[in-house]
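Containing mmCIF, C-alpha atoms: model-v5.cif.
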```cif
data_start
loop_
_atom_site.label_atom_id
_atom_site.label_comp_id
_atom_site.auth_asym_id
_atom_site.auth_seq_id
_atom_site.Cartn_x
_atom_site.Cartn_y
_atom_site.Cartn_z
CA GLU A 1313 -38.50 169.81 88.50
CA SER A 1314 -35.06 171.31 88.31
CA CYS A 1315 -33.40 173.93 90.42
CA TYR A 1316 -30.09 175.38 89.26
CA VAL A 1317 -27.55 176.06 92.01
CA SER A 1318 -23.80 176.40 92.37
CA SER A 1319 -21.93 173.17 93.00
CA HIS A 1320 -19.20 175.27 94.64
CA VAL A 1321 -21.61 176.72 97.18
CA LEU A 1322 -23.00 173.26 97.93
CA GLY A 1323 -19.58 171.63 98.20
CA LEU A 1324 -18.15 174.31 100.46
CA SER A 1325 -21.20 174.23 102.72
CA SER A 1326 -21.61 170.52 103.25
CA PRO A 1327 -19.31 167.51 103.53
CA VAL A 1328 -22.09 165.40 102.03
CA PHE A 1329 -22.45 167.60 98.96
CA CYS A 1330 -18.67 167.83 98.68
CA ALA A 1331 -18.35 164.04 98.60
CA MET A 1332 -21.20 163.70 96.11
CA LEU A 1333 -19.73 166.30 93.78
CA THR A 1334 -16.05 165.33 93.89
CA SER A 1335 -15.81 161.58 94.33
CA GLY A 1336 -16.76 160.32 90.90
CA MET A 1337 -20.26 159.42 92.03
CA ALA A 1338 -23.18 159.79 89.61
CA GLU A 1339 -23.86 163.28 90.97
CA ASP A 1340 -20.31 164.33 90.12
CA GLN A 1341 -20.44 162.92 86.60
CA GLN A 1342 -23.93 164.20 85.79
CA ARG A 1343 -23.59 167.47 87.76
CA ARG A 1344 -27.06 166.74 89.06
CA ILE A 1345 -28.35 165.91 92.54
CA GLU A 1346 -31.71 164.30 93.12
CA ILE A 1347 -33.49 165.52 96.25
CA SER A 1348 -35.82 162.95 97.77
CA ALA A 1349 -39.40 164.10 98.28
CA ASP A 1350 -39.15 162.49 101.72
CA LEU A 1351 -36.54 165.07 102.66
CA GLY A 1352 -38.44 168.14 101.53
CA THR A 1353 -39.99 170.12 98.72
CA LYS A 1354 -38.34 172.15 95.97
CA GLN A 1355 -39.47 175.31 97.75
CA GLN A 1356 -37.89 174.14 101.02
CA PHE A 1357 -34.64 173.32 99.20
CA GLU A 1358 -34.61 176.76 97.59
CA GLN A 1359 -35.06 178.38 101.03
CA PHE A 1360 -32.30 176.17 102.42
CA TYR A 1361 -29.98 177.10 99.53
CA LYS A 1362 -30.47 180.82 100.21
CA PHE A 1363 -28.95 180.28 103.67
CA LEU A 1364 -25.84 178.76 102.07
CA LEU A 1365 -25.09 181.71 99.80
CA PRO A 1366 -22.04 183.65 100.98
CA TRP A 1367 -23.46 187.16 101.06
CA SER A 1368 -27.26 187.03 100.96
CA GLY A 1369 -27.32 184.03 103.31
CA ARG A 1370 -26.61 186.43 106.16
CA GLU A 1371 -29.86 188.24 105.43
CA GLN A 1372 -32.02 185.11 105.74
CA GLU A 1373 -34.01 184.47 108.87
CA VAL A 1374 -35.32 181.28 110.40
CA ASP A 1375 -39.00 181.48 111.25
CA GLU A 1376 -41.98 179.23 111.93
CA THR A 1377 -42.63 178.74 108.21
CA ASN A 1378 -39.16 177.52 107.25
CA VAL A 1379 -37.53 175.99 110.33
CA ASP A 1380 -38.67 172.41 109.73
CA GLY A 1381 -37.47 172.35 106.13
CA LEU A 1382 -34.18 174.03 107.01
CA LEU A 1383 -33.61 171.57 109.81
CA ALA A 1384 -34.39 168.55 107.63
CA PHE A 1385 -31.95 169.63 104.91
CA SER A 1386 -29.21 170.86 107.25
CA ASN A 1387 -29.38 167.65 109.25
CA TYR A 1388 -29.27 165.40 106.18
CA TYR A 1389 -26.45 167.33 104.52
CA GLN A 1390 -24.55 167.81 107.81
CA ILE A 1391 -24.50 171.58 107.93
CA GLU A 1392 -23.96 171.97 111.65
CA GLY A 1393 -23.98 175.78 111.75
CA LEU A 1394 -27.44 175.97 110.22
CA LYS A 1395 -28.66 173.18 112.50
CA LEU A 1396 -27.57 175.26 115.50
CA VAL A 1397 -29.36 178.33 114.15
CA CYS A 1398 -32.52 176.22 113.80
CA GLU A 1399 -32.09 174.81 117.31
CA ASP A 1400 -31.66 178.33 118.74
CA PHE A 1401 -34.85 179.45 116.98
CA LEU A 1402 -36.77 176.42 118.25
CA LEU A 1403 -35.53 176.93 121.83
CA GLY A 1404 -37.03 180.42 121.72
CA TRP A 1405 -40.16 179.06 120.11
CA VAL A 1406 -40.77 176.38 122.77
CA LYS A 1407 -40.55 179.01 125.51
CA LYS A 1408 -43.65 180.64 123.99
CA HIS A 1409 -45.44 177.48 122.79
CA ALA A 1410 -45.74 174.11 124.43
CA PRO A 1411 -43.53 171.65 122.55
CA SER A 1412 -45.20 168.54 121.22
CA ALA A 1413 -44.00 164.97 121.29
CA GLY A 1414 -43.28 165.45 117.58
CA ARG A 1415 -40.89 168.31 118.35
CA PHE A 1416 -39.11 166.06 120.86
CA ILE A 1417 -38.78 163.34 118.20
CA GLN A 1418 -37.39 165.92 115.75
CA ALA A 1419 -34.84 167.11 118.32
CA ASP A 1420 -33.77 163.53 118.97
CA ARG A 1421 -33.51 162.56 115.26
CA CYS A 1422 -31.57 165.70 114.38
CA SER A 1423 -29.23 165.42 117.39
CA LEU A 1424 -30.26 168.72 118.96
CA PRO A 1425 -29.42 168.08 122.63
CA ARG A 1426 -30.53 171.41 124.09
CA LEU A 1427 -33.90 171.24 122.37
CA ARG A 1428 -34.28 167.59 123.29
CA VAL A 1429 -33.78 168.34 127.01
CA CYS A 1430 -36.15 171.31 126.86
CA CYS A 1431 -38.86 169.24 125.20
CA LEU A 1432 -38.31 166.30 127.54
CA ASP A 1433 -38.59 168.57 130.59
CA HIS A 1434 -41.87 169.93 129.27
CA LEU A 1435 -43.23 166.48 128.39
CA ALA A 1436 -42.33 165.20 131.86
CA SER A 1437 -44.15 168.11 133.51
CA GLU A 1438 -47.37 167.57 131.54
CA PRO A 1439 -48.91 164.24 132.62
CA GLU A 1440 -52.00 164.80 130.46
CA MET A 1441 -50.03 165.37 127.23
CA ASP A 1442 -50.70 163.07 124.29
CA LEU A 1443 -47.55 161.01 123.83
CA SER A 1444 -48.91 158.69 121.15
CA GLU A 1445 -46.39 160.11 118.63
CA LEU A 1446 -43.60 158.55 120.69
CA VAL A 1447 -44.81 155.02 120.03
#
```

Using structure tokens, write down the structure that the file contains.
Amino acid sequence: ESCYVSSHVLGLSSPVFCAMLTSGMAEDQQRRIEISADLGTKQQFEQFYKFLLPWSGREQEVDETNVDGLLAFSNYYQIEGLKLVCEDFLLGWVKKHAPSAGRFIQADRCSLPRLRVCCLDHLASEPEMDLSELV
């Protein structure tokens, strides 16, 4: 499945995309970037791309339905501003919902220190919590 996007938007948003699209790599020569299914779906990429657009990106909102995909893509493509927006959303979310061990793992893998501490504090205060995801 293909998704047509602006290489300029991608390159200006991400040092990873910039390197891929300007360094003579296959992506630069073919003007095509393959997105691994392990990273996310086409729909998640399209949502992520909307956040990168210069004008309409400001109108996008992080919510429970898109935060995980946005975080996966912004972490992989090193878009720190979007990662921080996702972390801020998740910090608000964990105040209303008990964070899981999986959320802690996500915070650790994506280098989100504030969320990591928040999740760790909660996990430490809940001795009955299932921590099998940590193994």

**Asked** Applied to this file, what does the PyMOL selection byres ((chain A and resi 1361) around 10) return in terms of residues, put as a list in words?
**Response**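 Listing what the PyMOL selection byres ((chain A and resi 1361) around 10) selects in the shown file: Val1317, Ser1318, Val1321, Leu1322, Ser1325, Gln1355, Gln1356, Phe1357, Glu1358, Gln1359, Phe1360, Lys1362, Phe1363, Leu1364, Leu1365, Gly1369, Leu1382, Phe1385 and Ser1386 of chain A.
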
**d(CA of Leu1403 (chain A), CA of Arg1426 (chain A)) in Å** =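 If I compute the distance from CA of Leu1403 (chain A) to CA of Arg1426 (chain A), I get 7.8 Å.
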
**Item:** A:Asp1380, A:Glu1440, A:Glu1346, A:Asp1433 ranked by distance to Lys1407 (chain A), top pick (using only C-alpha atoms)
**Value:** A:Asp1433

**Item:** Surrounding residues of Val1429 (chain A) excluding itself and chain neighbours under 2 positions, 12 Å, all atoms listed in the file, as a ChimeraX atom specification
**Value:** /A:1399,1403,1406,1411,1415-1417,1419-1420,1423-1427,1431-1436

**Item:** One-decimal distance in Å that lies between CA of Asn1387 (chain A) and CA of Trp1367 (chain A)
**Value:**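 These atoms are spaced 22.0 Å apart.
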
**Item:** Separation of CA of Glu1392 (chain A) from CA of Val1379 (chain A), in Å and rounded to one decimal
**Value:**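 Calculated distance between CA of Glu1392 (chain A) and CA of Val1379 (chain A) is 14.2 Å.
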
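Proximity ranking of A:Pro1366, A:Gly1352, A:Gly1336, A:Gly1381 relative to Leu1324 (chain A) places A:Pro1366 first, based on all atoms listed in the file.
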
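Each of A:Ser1368, A:Ser1348, A:Asn1378, A:Ser1437 was checked against Glu1313 (chain A) using all atoms listed in the file; the smallest atom-to-atom distance is that of A:Ser1348.
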
Kindly provide, as an mmCIF file with C-alpha atoms, in the frame of the given file, the polymer residues lying within 12 Å of (-16.4, 167.7, 95.8), counting only C-alpha atoms and using the coordinates exactly as they appear in the file.
```
data_model
loop_
_atom_site.group_PDB
_atom_site.id
_atom_site.type_symbol
_atom_site.label_atom_id
_atom_site.label_comp_id
_atom_site.auth_asym_id
_atom_site.auth_seq_id
_atom_site.Cartn_x
_atom_site.Cartn_y
_atom_site.Cartn_z
ATOM 1 C CA SER A 1318 -23.800 176.400 92.370
ATOM 2 C CA SER A 1319 -21.930 173.170 93.000
ATOM 3 C CA HIS A 1320 -19.200 175.270 94.640
ATOM 4 C CA VAL A 1321 -21.610 176.720 97.180
ATOM 5 C CA LEU A 1322 -23.000 173.260 97.930
ATOM 6 C CA GLY A 1323 -19.580 171.630 98.200
ATOM 7 C CA LEU A 1324 -18.150 174.310 100.460
ATOM 8 C CA SER A 1325 -21.200 174.230 102.720
ATOM 9 C CA SER A 1326 -21.610 170.520 103.250
ATOM 10 C CA PRO A 1327 -19.310 167.510 103.530
ATOM 11 C CA VAL A 1328 -22.090 165.400 102.030
ATOM 12 C CA PHE A 1329 -22.450 167.600 98.960
ATOM 13 C CA CYS A 1330 -18.670 167.830 98.680
ATOM 14 C CA ALA A 1331 -18.350 164.040 98.600
ATOM 15 C CA MET A 1332 -21.200 163.700 96.110
ATOM 16 C CA LEU A 1333 -19.730 166.300 93.780
ATOM 17 C CA THR A 1334 -16.050 165.330 93.890
ATOM 18 C CA SER A 1335 -15.810 161.580 94.330
ATOM 19 C CA GLY A 1336 -16.760 160.320 90.900
ATOM 20 C CA MET A 1337 -20.260 159.420 92.030
ATOM 21 C CA GLU A 1339 -23.860 163.280 90.970
ATOM 22 C CA ASP A 1340 -20.310 164.330 90.120
ATOM 23 C CA GLN A 1341 -20.440 162.920 86.600
ATOM 24 C CA ARG A 1343 -23.590 167.470 87.760
#
```

**Asked** Restricting the calculation to all atoms listed in the file, which member of A:Cys1315, A:Ser1444, A:Tyr1389, A:Val1397 is positioned closest to Ser1412 (chain A)?
**Response**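 Of all the options, A:Ser1444 lies closest to Ser1412 (chain A).
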
**Message:** Let me make sure I understand: among A:Arg1370, A:Cys1422, A:Thr1353, A:Ser1314, which one has the smallest atom-to-atom distance to Gln1390 (chain A) if we use all atoms listed in the file?
**Reply:**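 When distances to Gln1390 (chain A) are compared using all atoms listed in the file, the smallest one comes from A:Cys1422.
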
Starting from the sparse input, extend region 1365-1376 of chain A to all heavy atoms and give the output as a compact mmCIF listing (two decimals), keeping the file's coordinate frame.
```txt
# COMPACT_ATOMS: atom_id res chain seq x y z
N LEU A 1365 -25.76 180.71 100.64
CA LEU A 1365 -25.09 181.71 99.80
C LEU A 1365 -24.22 182.63 100.64
O LEU A 1365 -24.63 183.07 101.72
CB LEU A 1365 -26.12 182.50 99.00
CG LEU A 1365 -26.89 181.67 97.97
CD1 LEU A 1365 -28.02 182.49 97.38
CD2 LEU A 1365 -25.95 181.17 96.88
N PRO A 1366 -23.01 182.94 100.17
CA PRO A 1366 -22.04 183.65 100.98
C PRO A 1366 -22.48 185.05 101.45
O PRO A 1366 -22.21 185.41 102.58
CB PRO A 1366 -20.81 183.76 100.09
CG PRO A 1366 -21.06 182.95 98.90
CD PRO A 1366 -22.48 182.55 98.89
N TRP A 1367 -23.12 185.80 100.64
CA TRP A 1367 -23.46 187.16 101.06
C TRP A 1367 -24.92 187.25 101.49
O TRP A 1367 -25.22 187.63 102.61
CB TRP A 1367 -23.19 188.16 99.93
CG TRP A 1367 -23.46 189.57 100.36
CD1 TRP A 1367 -24.50 190.33 100.00
CD2 TRP A 1367 -22.68 190.36 101.27
NE1 TRP A 1367 -24.44 191.56 100.62
CE2 TRP A 1367 -23.32 191.60 101.41
CE3 TRP A 1367 -21.52 190.13 101.99
CZ2 TRP A 1367 -22.84 192.61 102.23
CZ3 TRP A 1367 -21.03 191.14 102.80
CH2 TRP A 1367 -21.68 192.36 102.91
N SER A 1368 -25.84 186.88 100.64
CA SER A 1368 -27.26 187.03 100.96
C SER A 1368 -27.73 186.04 102.01
O SER A 1368 -28.77 186.25 102.64
CB SER A 1368 -28.11 186.90 99.70
OG SER A 1368 -27.93 185.64 99.10
N GLY A 1369 -26.96 184.98 102.26
CA GLY A 1369 -27.32 184.03 103.31
C GLY A 1369 -27.39 184.67 104.68
O GLY A 1369 -28.17 184.26 105.53
N ARG A 1370 -26.60 185.72 104.87
CA ARG A 1370 -26.61 186.43 106.16
C ARG A 1370 -27.91 187.18 106.40
O ARG A 1370 -28.23 187.51 107.53
CB ARG A 1370 -25.45 187.40 106.22
CG ARG A 1370 -24.11 186.72 106.23
CD ARG A 1370 -23.02 187.74 106.37
NE ARG A 1370 -22.14 187.62 105.20
CZ ARG A 1370 -21.21 188.46 104.89
NH1 ARG A 1370 -21.01 189.53 105.62
NH2 ARG A 1370 -20.45 188.26 103.84
N GLU A 1371 -28.61 187.48 105.32
CA GLU A 1371 -29.86 188.24 105.43
C GLU A 1371 -31.07 187.35 105.68
O GLU A 1371 -32.15 187.84 105.97
CB GLU A 1371 -30.07 189.05 104.15
CG GLU A 1371 -28.98 190.05 103.89
CD GLU A 1371 -29.07 190.69 102.52
OE1 GLU A 1371 -30.00 190.36 101.76
OE2 GLU A 1371 -28.21 191.52 102.21
N GLN A 1372 -30.90 186.04 105.57
CA GLN A 1372 -32.02 185.11 105.74
C GLN A 1372 -32.33 184.93 107.22
O GLN A 1372 -31.45 185.01 108.06
CB GLN A 1372 -31.67 183.75 105.11
CG GLN A 1372 -31.30 183.82 103.65
CD GLN A 1372 -32.38 184.44 102.79
OE1 GLN A 1372 -33.54 184.06 102.89
NE2 GLN A 1372 -32.00 185.39 101.97
N GLU A 1373 -33.60 184.68 107.50
CA GLU A 1373 -34.01 184.47 108.87
C GLU A 1373 -34.80 183.18 109.00
O GLU A 1373 -35.63 182.86 108.15
CB GLU A 1373 -34.87 185.64 109.36
CG GLU A 1373 -34.10 186.93 109.48
CD GLU A 1373 -34.93 188.06 110.07
OE1 GLU A 1373 -35.94 187.78 110.74
OE2 GLU A 1373 -34.55 189.22 109.86
N VAL A 1374 -34.54 182.48 110.08
CA VAL A 1374 -35.32 181.28 110.40
C VAL A 1374 -36.62 181.75 111.05
O VAL A 1374 -36.61 182.65 111.90
CB VAL A 1374 -34.55 180.36 111.37
CG1 VAL A 1374 -35.39 179.17 111.78
CG2 VAL A 1374 -33.24 179.92 110.74
N ASP A 1375 -37.72 181.16 110.63
CA ASP A 1375 -39.00 181.48 111.25
C ASP A 1375 -39.87 180.22 111.28
O ASP A 1375 -39.44 179.15 110.88
CB ASP A 1375 -39.70 182.64 110.53
CG ASP A 1375 -40.01 182.36 109.07
OD1 ASP A 1375 -40.33 181.20 108.73
OD2 ASP A 1375 -39.96 183.30 108.25
N GLU A 1376 -41.08 180.37 111.78
CA GLU A 1376 -41.98 179.23 111.93
C GLU A 1376 -42.31 178.56 110.60
O GLU A 1376 -42.61 177.37 110.56
CB GLU A 1376 -43.28 179.66 112.61
CG GLU A 1376 -43.10 180.02 114.07
CD GLU A 1376 -44.39 180.46 114.72
OE1 GLU A 1376 -45.48 180.07 114.26
OE2 GLU A 1376 -44.30 181.19 115.73
```
